[in-house]
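K.L.:
Here you go, data_9.csv (CSV, C-alpha atoms):
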chain,number,residue,atom,x,y,z
A,515,MET,CA,-7.6,18.6,32.0
A,516,THR,CA,-8.0,15.0,31.0
A,517,GLU,CA,-5.5,12.5,32.3
A,518,PRO,CA,-2.7,11.7,29.9
A,519,ILE,CA,-2.7,8.2,28.4
A,520,PHE,CA,0.5,6.3,28.2
A,521,GLU,CA,0.6,3.4,25.7
A,522,PRO,CA,2.2,0.2,26.7
A,523,ILE,CA,4.7,0.3,23.8
A,524,LYS,CA,8.4,0.6,24.5
A,525,GLY,CA,10.8,1.7,21.8
A,526,THR,CA,14.6,1.3,21.7
A,527,TYR,CA,17.6,0.8,19.4
A,528,VAL,CA,19.7,-2.2,18.6
A,529,ARG,CA,23.0,-2.2,16.8
A,530,LEU,CA,23.2,-4.9,14.2
A,531,SER,CA,26.0,-5.9,11.8
A,532,LEU,CA,24.4,-6.5,8.4
A,533,ASP,CA,26.5,-7.5,5.3
A,534,GLY,CA,29.6,-6.4,7.3
A,535,ARG,CA,28.3,-2.9,8.0
A,536,SER,CA,27.0,-1.5,11.3
A,537,HIS,CA,23.3,-0.5,11.4
A,538,ARG,CA,21.3,1.3,14.1
A,539,LEU,CA,17.9,-0.2,14.1
A,540,TYR,CA,14.8,1.1,15.9
A,541,PHE,CA,12.1,-1.2,17.1
A,542,GLU,CA,9.1,-1.2,19.4
A,543,GLU,CA,7.6,-3.9,21.5
A,544,ALA,CA,4.7,-4.7,23.8
A,545,GLY,CA,3.3,-7.7,25.5
A,546,GLN,CA,4.7,-11.1,26.6
A,547,GLY,CA,4.6,-14.6,25.4
A,548,ILE,CA,5.2,-16.0,22.0
A,549,PRO,CA,7.4,-13.6,20.0
A,550,LEU,CA,5.5,-12.0,17.1
A,551,VAL,CA,7.8,-10.2,14.7
A,552,CYS,CA,5.9,-7.7,12.4
A,553,LEU,CA,7.3,-6.6,9.0
A,554,HIS,CA,6.1,-3.4,7.6
A,555,THR,CA,5.3,-2.6,3.9
A,556,ALA,CA,7.6,-1.0,1.4
A,557,GLY,CA,8.4,2.7,1.9
A,558,ALA,CA,6.8,2.7,5.4
A,559,ASP,CA,7.8,1.9,9.0
A,560,GLY,CA,6.8,0.0,12.1
A,561,ARG,CA,4.2,2.5,13.1
A,562,GLN,CA,1.8,0.5,10.8
A,563,PHE,CA,1.6,-2.0,13.7
A,564,ARG,CA,0.8,0.4,16.5
A,565,HIS,CA,-2.8,-1.0,16.8
A,566,LEU,CA,-1.5,-4.6,17.2
A,567,LEU,CA,1.0,-3.3,19.7
A,568,ASN,CA,-1.8,-1.7,21.7
A,569,ASP,CA,-4.2,-4.6,21.4
A,570,GLU,CA,-4.5,-6.3,24.8
A,571,ALA,CA,-6.2,-9.3,23.2
A,572,ILE,CA,-2.9,-9.9,21.4
A,573,THR,CA,-0.2,-8.6,23.9
A,574,ARG,CA,-1.7,-10.9,26.6
A,575,HIS,CA,-0.3,-13.9,24.8
A,576,PHE,CA,2.3,-12.5,22.3
A,577,ARG,CA,5.4,-10.4,22.6
A,578,VAL,CA,4.8,-8.1,19.6
A,579,LEU,CA,7.9,-6.6,18.0
A,580,ALA,CA,8.0,-4.2,15.1
A,581,PHE,CA,11.3,-2.8,13.7
A,582,ASP,CA,11.9,-0.1,11.2
A,583,MET,CA,14.0,-1.5,8.4
A,584,PRO,CA,17.3,0.3,7.7
A,585,TRP,CA,16.6,3.5,5.8
A,586,HIS,CA,13.0,3.6,7.2
A,587,GLY,CA,11.4,5.3,10.1
A,588,LYS,CA,13.8,6.0,12.9
A,589,SER,CA,16.4,3.5,11.7
A,590,LEU,CA,19.3,5.1,9.9
A,591,PRO,CA,20.8,4.1,6.6
A,592,PRO,CA,24.3,2.8,7.1
A,593,ALA,CA,27.3,5.2,7.0
A,594,GLY,CA,28.2,5.9,3.4
A,595,TRP,CA,24.6,5.9,2.2
A,596,GLN,CA,25.0,9.3,0.5
A,597,ASP,CA,26.9,7.7,-2.4
A,598,GLU,CA,24.6,4.7,-2.9
A,599,GLU,CA,21.4,3.8,-4.5
A,600,TYR,CA,19.3,1.8,-2.0
A,601,ARG,CA,18.0,-1.5,-3.2
A,602,LEU,CA,16.4,-4.2,-1.1
A,603,THR,CA,17.3,-7.8,-2.0
A,604,THR,CA,15.9,-11.1,-0.9
A,605,ARG,CA,19.1,-12.1,0.7
A,606,GLY,CA,19.5,-8.8,2.5
A,607,TYR,CA,16.0,-8.8,3.8
A,608,VAL,CA,16.2,-12.4,5.1
A,609,ASP,CA,19.6,-11.6,6.8
A,610,LEU,CA,18.0,-8.6,8.5
A,611,ILE,CA,15.1,-10.6,9.9
A,612,LEU,CA,17.3,-13.4,11.1
A,613,ALA,CA,19.8,-11.0,12.6
A,614,PHE,CA,17.1,-9.1,14.5
A,615,CYS,CA,15.6,-12.4,15.9
A,616,ALA,CA,19.0,-13.6,16.9
A,617,ALA,CA,20.0,-10.3,18.6
A,618,LEU,CA,16.9,-10.4,20.7
A,619,GLY,CA,17.2,-14.1,21.4
A,620,LEU,CA,13.7,-14.8,20.1
A,621,GLU,CA,13.0,-18.5,20.2
A,622,ARG,CA,10.9,-19.7,17.2
A,623,PRO,CA,9.0,-16.5,16.7
A,624,VAL,CA,5.9,-16.0,14.6
A,625,ALA,CA,6.6,-13.6,11.7
A,626,LEU,CA,3.8,-11.5,10.3
A,627,GLY,CA,4.6,-9.4,7.3
A,628,CYS,CA,2.6,-7.2,4.9
A,629,SER,CA,3.4,-6.6,1.2
A,630,ILE,CA,7.2,-6.8,0.9
A,631,GLY,CA,6.9,-8.2,4.5
A,632,GLY,CA,4.3,-10.7,3.3
A,633,LYS,CA,6.5,-11.7,0.3
A,634,ILE,CA,9.6,-12.3,2.4
A,635,VAL,CA,7.7,-14.7,4.7
A,636,LEU,CA,7.4,-17.0,1.7
A,637,GLU,CA,11.2,-17.1,1.5
A,638,LEU,CA,11.4,-17.7,5.3
A,639,ALA,CA,8.9,-20.5,4.9
A,640,ARG,CA,11.0,-22.1,2.1
A,641,ALA,CA,14.5,-21.6,3.5
A,642,HIS,CA,14.1,-21.3,7.3
A,643,PRO,CA,11.0,-23.1,8.4
A,644,GLU,CA,12.7,-24.6,11.5
A,645,ARG,CA,13.3,-21.1,12.9
A,646,PHE,CA,9.7,-20.0,13.0
A,647,ARG,CA,6.6,-21.2,14.9
A,648,ALA,CA,4.3,-19.9,12.1
A,649,LEU,CA,4.4,-17.5,9.3
A,650,ILE,CA,1.7,-15.0,8.3
A,651,GLY,CA,1.7,-13.2,4.9
A,652,LEU,CA,-0.6,-10.3,4.4
A,653,GLU,CA,-1.0,-9.1,0.8
A,654,SER,CA,1.6,-11.7,-0.2
A,655,ALA,CA,2.3,-13.5,-3.4
A,656,ALA,CA,5.2,-15.2,-5.2
A,657,TYR,CA,4.5,-12.8,-8.0
A,658,GLN,CA,2.2,-9.9,-8.7
A,659,PRO,CA,2.0,-8.2,-12.1
A,660,PRO,CA,3.1,-4.5,-11.9
A,661,TRP,CA,0.5,-1.7,-12.1
A,662,TYR,CA,2.8,1.0,-13.5
A,663,ASP,CA,5.8,0.6,-15.7
A,664,ASP,CA,8.4,3.0,-14.3
A,665,THR,CA,9.3,3.2,-10.6
A,666,GLY,CA,11.6,6.1,-11.6
A,667,TRP,CA,8.6,8.4,-10.9
A,668,LEU,CA,9.1,7.7,-7.2
A,669,HIS,CA,12.6,9.3,-7.1
A,670,ARG,CA,13.3,12.3,-9.4
A,671,PRO,CA,13.8,15.9,-8.5
A,672,ASP,CA,10.8,17.4,-10.3
A,673,VAL,CA,8.2,15.2,-8.6
A,674,HIS,CA,7.9,15.2,-4.8
A,675,GLY,CA,8.5,11.6,-3.8
A,676,GLY,CA,6.4,11.8,-0.6
A,677,GLU,CA,3.4,13.4,-2.2
A,678,LEU,CA,3.5,10.9,-5.1
A,679,CYS,CA,4.0,7.8,-2.8
A,680,GLY,CA,1.0,9.0,-0.8
A,681,ALA,CA,-1.1,9.7,-3.8
A,682,LEU,CA,-0.3,6.3,-5.4
A,683,MET,CA,-0.9,4.3,-2.2
A,684,SER,CA,-4.2,6.1,-1.6
A,685,GLY,CA,-5.8,3.9,-4.2
A,686,LEU,CA,-4.7,0.7,-2.4
A,687,ILE,CA,-6.8,1.5,0.7
A,688,ALA,CA,-10.4,0.2,0.8
A,689,PRO,CA,-13.1,2.8,0.5
A,690,GLN,CA,-14.6,1.5,3.7
A,691,SER,CA,-11.5,2.2,5.8
A,692,PRO,CA,-12.0,5.1,8.3
A,693,ASP,CA,-10.5,8.5,7.3
A,694,GLU,CA,-8.3,8.7,10.4
A,695,THR,CA,-6.4,5.5,9.8
A,696,ARG,CA,-6.4,6.0,6.0
A,697,TRP,CA,-4.7,9.3,6.3
A,698,GLU,CA,-2.3,8.1,9.0
A,699,THR,CA,-1.3,5.3,6.7
A,700,LEU,CA,-0.7,7.7,3.8
A,701,TRP,CA,1.2,10.1,6.2
A,702,GLY,CA,3.7,7.3,6.7
A,703,TYR,CA,4.2,7.0,2.9
A,704,MET,CA,4.6,10.8,2.6
A,705,GLN,CA,7.5,10.7,5.1
A,706,GLY,CA,9.8,8.1,3.4
A,707,GLY,CA,13.4,9.1,2.5
A,708,PRO,CA,14.2,9.8,-1.1
A,709,GLY,CA,14.4,6.7,-3.2
A,710,VAL,CA,13.6,4.3,-0.3
A,711,PHE,CA,10.2,3.2,-1.6
A,712,LYS,CA,11.7,2.7,-5.0
A,713,GLY,CA,14.5,0.7,-3.5
A,714,ASP,CA,12.0,-1.6,-1.7
A,715,LEU,CA,10.1,-2.1,-4.9
A,716,HIS,CA,13.3,-3.6,-6.5
A,717,PHE,CA,12.6,-6.5,-4.1
A,718,TYR,CA,8.8,-6.5,-4.5
A,719,ARG,CA,8.8,-6.3,-8.3
A,720,VAL,CA,12.2,-7.7,-9.5
A,721,ASP,CA,14.3,-9.7,-7.1
A,722,GLY,CA,11.4,-11.2,-5.2
A,723,ASP,CA,9.8,-13.2,-8.0
A,724,PHE,CA,9.5,-16.5,-6.2
A,725,ARG,CA,7.4,-18.5,-8.7
A,726,ASP,CA,10.3,-20.9,-9.3
A,727,ARG,CA,10.7,-21.8,-5.6
A,728,ILE,CA,7.5,-21.7,-3.7
A,729,GLY,CA,6.9,-25.3,-4.6
A,730,GLN,CA,9.7,-26.1,-2.1
A,731,ILE,CA,7.7,-24.8,0.9
A,732,ASP,CA,6.7,-27.5,3.3
A,733,THR,CA,3.9,-26.2,5.6
A,734,GLY,CA,4.3,-29.4,7.7
A,735,ARG,CA,7.5,-27.8,9.0
A,736,CYS,CA,6.0,-24.4,9.6
A,737,PRO,CA,2.3,-23.4,9.2
A,738,LEU,CA,1.7,-20.6,6.6
A,739,TYR,CA,-1.3,-18.3,6.6
A,740,LEU,CA,-2.0,-15.9,3.6
A,741,LEU,CA,-4.6,-13.2,3.9
A,742,THR,CA,-5.3,-10.6,1.2
A,743,GLY,CA,-7.7,-7.7,1.1
A,744,GLU,CA,-10.3,-7.6,-1.7
A,745,TYR,CA,-9.4,-3.9,-2.6
A,746,ASP,CA,-5.7,-4.6,-3.0
A,747,PHE,CA,-5.0,-4.2,-6.7
A,748,SER,CA,-1.2,-4.4,-6.2
A,749,CYS,CA,-1.2,-7.9,-4.7
A,750,THR,CA,-4.7,-9.1,-5.6
A,751,PRO,CA,-6.6,-11.9,-4.0
A,752,GLU,CA,-6.1,-13.7,-7.3
A,753,ASP,CA,-2.3,-13.3,-7.1
A,754,THR,CA,-2.3,-14.8,-3.6
A,755,ARG,CA,-4.7,-17.6,-4.6
A,756,LEU,CA,-2.3,-18.6,-7.4
A,757,THR,CA,0.5,-18.7,-4.8
A,758,ALA,CA,-1.5,-20.6,-2.2
A,759,GLU,CA,-2.5,-23.2,-4.8
A,760,LYS,CA,1.2,-24.1,-5.3
A,761,ILE,CA,1.8,-24.6,-1.6
A,762,PRO,CA,0.0,-27.6,-0.1
A,763,GLY,CA,-1.3,-26.8,3.4
A,764,ALA,CA,-1.2,-23.0,2.9
A,765,ARG,CA,-4.2,-21.3,4.5
A,766,PHE,CA,-5.7,-18.6,2.2
A,767,THR,CA,-8.3,-16.0,3.2
A,768,VAL,CA,-9.7,-13.1,1.3
A,769,MET,CA,-10.5,-10.2,3.6
A,770,THR,CA,-13.5,-8.1,2.6
A,771,GLU,CA,-13.5,-4.3,2.8
A,772,ILE,CA,-9.7,-4.2,3.2
A,773,GLY,CA,-7.0,-3.0,0.9
A,774,HIS,CA,-3.2,-3.3,0.9
A,775,PHE,CA,-2.6,-2.2,4.5
A,776,PRO,CA,-4.9,-4.3,6.7
A,777,MET,CA,-3.3,-3.6,10.1
A,778,ALA,CA,-2.9,0.1,9.5
A,779,GLU,CA,-5.9,1.2,7.3
A,780,ASN,CA,-8.6,-0.5,9.2
A,781,PRO,CA,-7.3,-2.1,12.4
A,782,ALA,CA,-10.6,-2.7,14.0
A,783,HIS,CA,-11.9,-4.7,11.0
A,784,PHE,CA,-8.6,-6.5,10.6
A,785,ARG,CA,-8.8,-8.0,14.1
A,786,ARG,CA,-11.7,-10.1,12.9
A,787,TYR,CA,-9.3,-11.9,10.6
A,788,ILE,CA,-6.0,-11.9,12.6
A,789,LEU,CA,-7.3,-12.9,16.1
A,790,PRO,CA,-8.5,-16.3,15.0
A,791,VAL,CA,-5.2,-17.0,13.2
A,792,LEU,CA,-3.2,-16.0,16.4
A,793,ASP,CA,-5.6,-18.1,18.5
A,794,GLU,CA,-4.9,-21.1,16.3
A,795,ILE,CA,-1.1,-20.6,16.5
A,796,ARG,CA,-1.3,-20.3,20.3
A,797,ALA,CA,-3.4,-23.4,20.6
A,798,ALA,CA,-0.9,-25.4,18.5
A,799,ALA,CA,1.9,-24.1,20.9
A,800,ARG,CA,0.3,-25.6,24.0
B,1458,MET,CA,-27.6,8.5,-25.5
B,1459,SER,CA,-27.7,5.9,-22.7
B,1460,ALA,CA,-28.7,6.9,-19.2
B,1461,ALA,CA,-25.1,6.1,-18.0
B,1462,ALA,CA,-23.7,8.3,-20.7
B,1463,ALA,CA,-26.0,11.2,-19.8
B,1464,GLU,CA,-25.2,10.9,-16.1
B,1465,THR,CA,-21.5,10.7,-16.8
B,1466,HIS,CA,-21.6,13.8,-19.0
B,1467,ALA,CA,-23.5,15.7,-16.3
B,1468,SER,CA,-20.9,14.6,-13.7
B,1469,ILE,CA,-18.0,15.8,-15.8
B,1470,LEU,CA,-19.7,19.1,-16.6
B,1471,SER,CA,-20.2,19.6,-12.8
B,1472,LEU,CA,-16.5,19.5,-12.1
B,1473,PRO,CA,-16.0,23.3,-12.0
B,1474,GLN,CA,-18.5,23.8,-9.2
B,1475,LEU,CA,-17.4,20.7,-7.3
B,1476,VAL,CA,-13.7,21.6,-7.4
B,1477,ASN,CA,-13.9,25.3,-7.1
B,1478,ASP,CA,-16.2,25.1,-4.0
B,1479,ASP,CA,-13.5,22.9,-2.3
B,1480,ALA,CA,-11.0,25.4,-0.9
B,1481,GLY,CA,-8.6,22.6,0.2
B,1482,LEU,CA,-8.6,21.0,-3.2
B,1483,VAL,CA,-8.0,24.3,-5.0
B,1484,ARG,CA,-5.1,25.0,-2.6
B,1485,ARG,CA,-3.5,21.6,-3.3
B,1486,GLY,CA,-3.7,22.3,-7.0
B,1487,ARG,CA,-2.4,25.8,-6.9
B,1488,TYR,CA,0.7,25.0,-8.9
B,1489,LEU,CA,-1.1,23.2,-11.7
B,1490,THR,CA,-2.1,24.9,-14.9
B,1491,ALA,CA,-3.0,22.5,-17.6
B,1492,THR,CA,-5.7,21.1,-19.9
B,1493,PHE,CA,-6.4,17.4,-19.6
B,1494,LEU,CA,-8.8,15.2,-21.5
B,1495,VAL,CA,-11.5,13.0,-20.0
B,1496,GLU,CA,-12.9,10.4,-22.4
B,1497,ALA,CA,-16.3,8.9,-21.6
B,1498,GLY,CA,-17.0,6.3,-24.2
B,1499,ASP,CA,-17.4,8.1,-27.6
B,1500,LEU,CA,-17.4,11.6,-26.1
B,1501,GLU,CA,-14.4,13.7,-25.1
B,1502,PHE,CA,-14.2,16.6,-22.6
B,1503,LEU,CA,-11.3,19.0,-22.1
B,1504,VAL,CA,-10.9,20.1,-18.5
B,1505,ARG,CA,-9.0,23.4,-18.2
B,1506,VAL,CA,-7.3,23.9,-14.8
B,1507,VAL,CA,-5.7,27.2,-13.9
B,1508,GLU,CA,-3.8,27.4,-10.6
B,1509,GLY,CA,-6.0,24.7,-9.1
B,1510,ARG,CA,-9.4,26.0,-10.3
B,1511,VAL,CA,-11.3,24.3,-13.0
B,1512,VAL,CA,-12.1,27.3,-15.2
B,1513,ALA,CA,-13.7,25.4,-18.1
B,1514,VAL,CA,-15.0,22.0,-19.2
B,1515,GLU,CA,-15.5,21.9,-23.0
B,1516,ARG,CA,-17.5,19.1,-24.6
B,1517,GLY,CA,-16.2,17.5,-27.8
B,1518,PRO,CA,-16.1,16.3,-30.5
B,1519,PHE,CA,-12.8,18.0,-31.2
B,1520,LEU,CA,-11.0,18.0,-34.5
B,1521,MET,CA,-7.4,18.7,-33.4
B,1522,ARG,CA,-6.8,20.0,-29.9
B,1523,SER,CA,-3.9,20.0,-27.5
B,1524,TRP,CA,-4.0,18.5,-24.0
B,1525,THR,CA,-1.4,17.5,-21.5
B,1526,PHE,CA,-2.7,14.1,-20.4
B,1527,ALA,CA,-5.8,12.0,-21.0
B,1528,LEU,CA,-7.9,9.8,-18.8
B,1529,ARG,CA,-10.0,7.4,-20.9
B,1530,ALA,CA,-12.8,5.0,-19.9
B,1531,SER,CA,-16.3,4.1,-20.9
B,1532,ALA,CA,-19.3,6.1,-19.6
B,1533,GLU,CA,-20.3,3.0,-17.6
B,1534,THR,CA,-16.9,2.7,-16.0
B,1535,TRP,CA,-17.0,6.3,-14.8
B,1536,GLN,CA,-20.4,5.6,-13.3
B,1537,ARG,CA,-19.0,2.6,-11.4
B,1538,PHE,CA,-16.0,4.7,-10.3
B,1539,TRP,CA,-18.3,7.4,-8.9
B,1540,GLU,CA,-20.5,5.0,-6.9
B,1541,ALA,CA,-20.5,6.0,-3.2
B,1542,VAL,CA,-18.8,2.7,-2.3
B,1543,PRO,CA,-17.2,1.5,-5.6
B,1544,ALA,CA,-16.5,-2.2,-6.2
B,1545,PRO,CA,-12.9,-3.5,-6.0
B,1546,GLY,CA,-11.1,-2.5,-9.2
B,1547,TYR,CA,-13.4,0.5,-9.8
B,1548,HIS,CA,-12.3,2.4,-6.6
B,1549,ASP,CA,-9.2,4.1,-8.0
B,1550,LEU,CA,-8.0,5.5,-11.3
B,1551,PHE,CA,-4.9,3.2,-11.3
B,1552,ALA,CA,-7.0,0.2,-10.2
B,1553,MET,CA,-9.2,0.7,-13.3
B,1554,LYS,CA,-6.0,1.0,-15.4
B,1555,LYS,CA,-4.7,-2.3,-14.1
B,1556,LEU,CA,-8.1,-3.9,-14.6
B,1557,GLY,CA,-7.9,-2.7,-18.2
B,1558,VAL,CA,-11.1,-0.5,-18.1
B,1559,ALA,CA,-9.2,2.8,-18.1
B,1560,ARG,CA,-6.2,4.3,-19.9
B,1561,ILE,CA,-3.9,7.0,-18.8
B,1562,GLU,CA,-1.9,8.7,-21.7
B,1563,GLY,CA,0.1,11.7,-22.6
B,1564,ASP,CA,2.7,13.7,-20.6
B,1565,LEU,CA,2.7,11.9,-17.3
B,1566,ALA,CA,5.1,14.2,-15.5
B,1567,PRO,CA,2.5,16.9,-14.6
B,1568,LEU,CA,0.0,14.2,-13.7
B,1569,MET,CA,2.5,12.4,-11.3
B,1570,ALA,CA,3.6,15.7,-9.8
B,1571,HIS,CA,0.0,16.6,-9.0
B,1572,LEU,CA,-1.4,13.1,-8.6
B,1573,ARG,CA,-3.4,13.6,-5.4
B,1574,TYR,CA,-5.0,16.7,-6.8
B,1575,VAL,CA,-5.9,15.1,-10.2
B,1576,LYS,CA,-7.3,12.0,-8.5
B,1577,ASP,CA,-9.4,14.2,-6.1
B,1578,VAL,CA,-10.7,16.2,-9.1
B,1579,VAL,CA,-11.9,13.2,-11.0
B,1580,ALA,CA,-13.3,11.6,-7.9
B,1581,ALA,CA,-15.2,14.8,-6.9
B,1582,PRO,CA,-18.6,13.4,-8.2
B,1583,ARG,CA,-18.2,10.4,-5.9
B,1584,ARG,CA,-17.6,12.7,-2.9
B,1585,ALA,CA,-20.7,14.7,-3.9
B,1586,ARG,CA,-22.8,11.5,-4.0
B,1587,ARG,CA,-21.6,10.5,-0.5
B,1588,ARG,CA,-22.7,13.8,1.0
Let's see the structure in the file written out as structure tokens.
P.N.:
Amino acid sequence: MTEPIFEPIKGTYVRLSLDGRSHRLYFEEAGQGIPLVCLHTAGADGRQFRHLLNDEAITRHFRVLAFDMPWHGKSLPPAGWQDEEYRLTTRGYVDLILAFCAALGLERPVALGCSIGGKIVLELARAHPERFRALIGLESAAYQPPWYDDTGWLHRPDVHGGELCGALMSGLIAPQSPDETRWETLWGYMQGGPGVFKGDLHFYRVDGDFRDRIGQIDTGRCPLYLLTGEYDFSCTPEDTRLTAEKIPGARFTVMTEIGHFPMAENPAHFRRYILPVLDEIRAAAR
Amino acid sequence: MSAAAAETHASILSLPQLVNDDAGLVRRGRYLTATFLVEAGDLEFLVRVVEGRVVAVERGPFLMRSWTFALRASAETWQRFWEAVPAPGYHDLFAMKKLGVARIEGDLAPLMAHLRYVKDVVAAPRRARRR
């Protein structure tokens, strides 16, 4: 029998009050040093960051934390959810991130978010730069034109939401990404609660149109890195470029052979892009 | 007929064998019975699916025929879609739609309910090229 392998990740729950309601939030962490808060994509959960959490080159210098948003993964929806339609808003998302950082006493963390997580770091950069050491947006843009009209397909009784979310997201993964991590990423999408992905997309597509406000971002107060995969047709490199051009000092990188889920779909390849960014942030902290 | 058109037509006509030889694909499509149209430039094909098996591919032109949904692109676009490692924008049906080189029309409910199956059916020639 081979020896069992225990990963260095620890998971636990924290109770947070958000918008006057009690929430039970699950998060995982590994490593020590500069706090690095990871924000997962719409309709998914913190498992997308398991490779970062297991990467000793990162956890040697960073305390990596990844929470499951309310309604996602092992975090519960708040009591009373059964009579509501879930909708993520800019304000609610910012409050969640700040409440999580405050609850854990994180001092000027780095926030790294992907897709909706990448979009919200733009708002953190605009409204709360003093609270963060650096901000990293993956597949992030102030605005991205939609690629289908009706998100209602994602939540209706005659179409299996999980099967559809997986099938839609499959196209956002680069053809070069390995089968194992491709299908693990899609498995996460297949597991989302009913209507949750659709509710996240309210922020991604409607409430989170930041074209009118990204000009207020001052990267002198908090460095901003934007990295987008060439196979992402939801938030394209062109969408990110248009955003970066309006933010003096923003650092923009196109990642080749990567789609919408860099850290999850091809973690080994993504390291080539993220390790230099994290090195730079660490060097600036010394 | 251009070389791209001839190759595209051959690929579409190969769908019954490519799909029916793939037991997992047939299993995932077992609740779909429908006819969908694949347009490749100025030629149309009707693909008849019965419980996950492609039982017929009929080549047009057609005068007046029923179909459930249609996937339309040029012959050259389908060739790019079926490359072993397609370029960004040509790697997925919805990517091509967003790029403006493909159209998806008709009754979308059966398509969305069986999206993984339909995507895998139309991408079958790519998987064959990778082998």
K.L.:
Identify, on the basis of all atoms listed in the file, every residue whose closest approach to Glu794 in chain A does not exceed 12 Å; exclude the query and any residue fewer than 4 positions from it along the same chain; express the result as a list of chain:residue names.
P.N.:
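Here the answer would be A:Arg647, A:Ala648, A:Pro737, A:Leu738, A:Tyr739, A:Arg765, A:Tyr787, A:Ile788, A:Leu789, A:Pro790, A:Ala798, A:Ala799, A:Arg800.
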K.L.:
Would you kindly return, as number ranges by chain, each protein, DNA or RNA residue with an atom no farther than 7 Å from any atom of Ala1541 in chain B, considering all atoms listed in the file and excluding same-chain residues fewer than 2 positions away?
P.N.:
B: 1539, 1543, 1583, 1586-1587
K.L.:
Using only C-alpha atoms, tabulate the residues of chain B lying at most 9 Å from any atom of chain A, each with its closest atom pair and that distance in Å to one decimal, by chain and increasing residue number, as a Markdown table.
P.N.:
| residue | atom | partner | partner_atom | distance |
| --- | --- | --- | --- | --- |
| B:Ala1541 | CA | A:Pro689 | CA | 8.9 |
| B:Val1542 | CA | A:Pro689 | CA | 6.4 |
| B:Pro1543 | CA | A:Pro689 | CA | 7.5 |
| B:Ala1544 | CA | A:Tyr745 | CA | 8.1 |
| B:Pro1545 | CA | A:Tyr745 | CA | 4.9 |
| B:Gly1546 | CA | A:Phe747 | CA | 6.8 |
| B:His1548 | CA | A:Gly685 | CA | 7.1 |
| B:Asp1549 | CA | A:Gly685 | CA | 5.1 |
| B:Leu1550 | CA | A:Gly685 | CA | 7.6 |
| B:Phe1551 | CA | A:Gly685 | CA | 7.2 |
| B:Ala1552 | CA | A:Phe747 | CA | 6.0 |
| B:Lys1554 | CA | A:Trp661 | CA | 7.8 |
| B:Lys1555 | CA | A:Trp661 | CA | 5.6 |
| B:Leu1556 | CA | A:Phe747 | CA | 8.5 |
| B:Ala1566 | CA | A:Val673 | CA | 7.6 |
| B:Pro1567 | CA | A:Val673 | CA | 8.4 |
| B:Met1569 | CA | A:Leu678 | CA | 6.5 |
| B:Ala1570 | CA | A:Val673 | CA | 4.8 |
| B:His1571 | CA | A:Leu678 | CA | 7.7 |
| B:Leu1572 | CA | A:Ala681 | CA | 5.9 |
| B:Arg1573 | CA | A:Ala681 | CA | 4.8 |
| B:Tyr1574 | CA | A:Ala681 | CA | 8.6 |
| B:Lys1576 | CA | A:Ala681 | CA | 8.1 |
K.L.:
I'd like to know which of B:Arg1522, B:Arg1584, B:Ala1462, B:Phe1502 is closest to Thr1534 in chain B, using all atoms listed in the file.
P.N.:
B:Ala1462
K.L.:
Would you compute the distance between CA of Thr757 in chain A and CA of Asp714 in chain A? Give it in Å to one decimal.
P.N.:
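Between CA of Thr757 in chain A and CA of Asp714 in chain A the gap works out to 20.8 Å.
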K.L.:
To one decimal in Å, tell me the separation between CA of Cys552 in chain A and CA of Ile611 in chain A.
P.N.:
10.0 Å
K.L.:
Write out as JSON, numbers by chain the residues lying within 6 Å of Glu1508 in chain B, counting only C-alpha atoms and excluding same-chain residues fewer than 4 positions away.
P.N.:
{"B": [1487, 1488, 1489, 1490]}
K.L.:
If we count all atoms listed in the file and set the cut-off at 12 Å, which residues sit around range 1531-1533 of chain B, ignoring sequence neighbours fewer than 3 positions away in its own chain? Please answer as a ChimeraX atom specification.
P.N.:
/B:1458-1469,1495-1501,1528,1536-1540,1547,1553,1557-1560
K.L.:
Which residues come within 12 Å of range 528-542 of chain A, counting all atoms listed in the file, excluding same-chain residues fewer than 2 positions away, as a ChimeraX atom specification?
P.N.:
/A:521-526,544-545,550-554,559-564,566-568,577-595,603,605-618
K.L.:
Would you work out the distance separating CA of Gly709 in chain A from CA of Arg670 in chain A, expressed in Å to one decimal?
P.N.:
8.4 Å
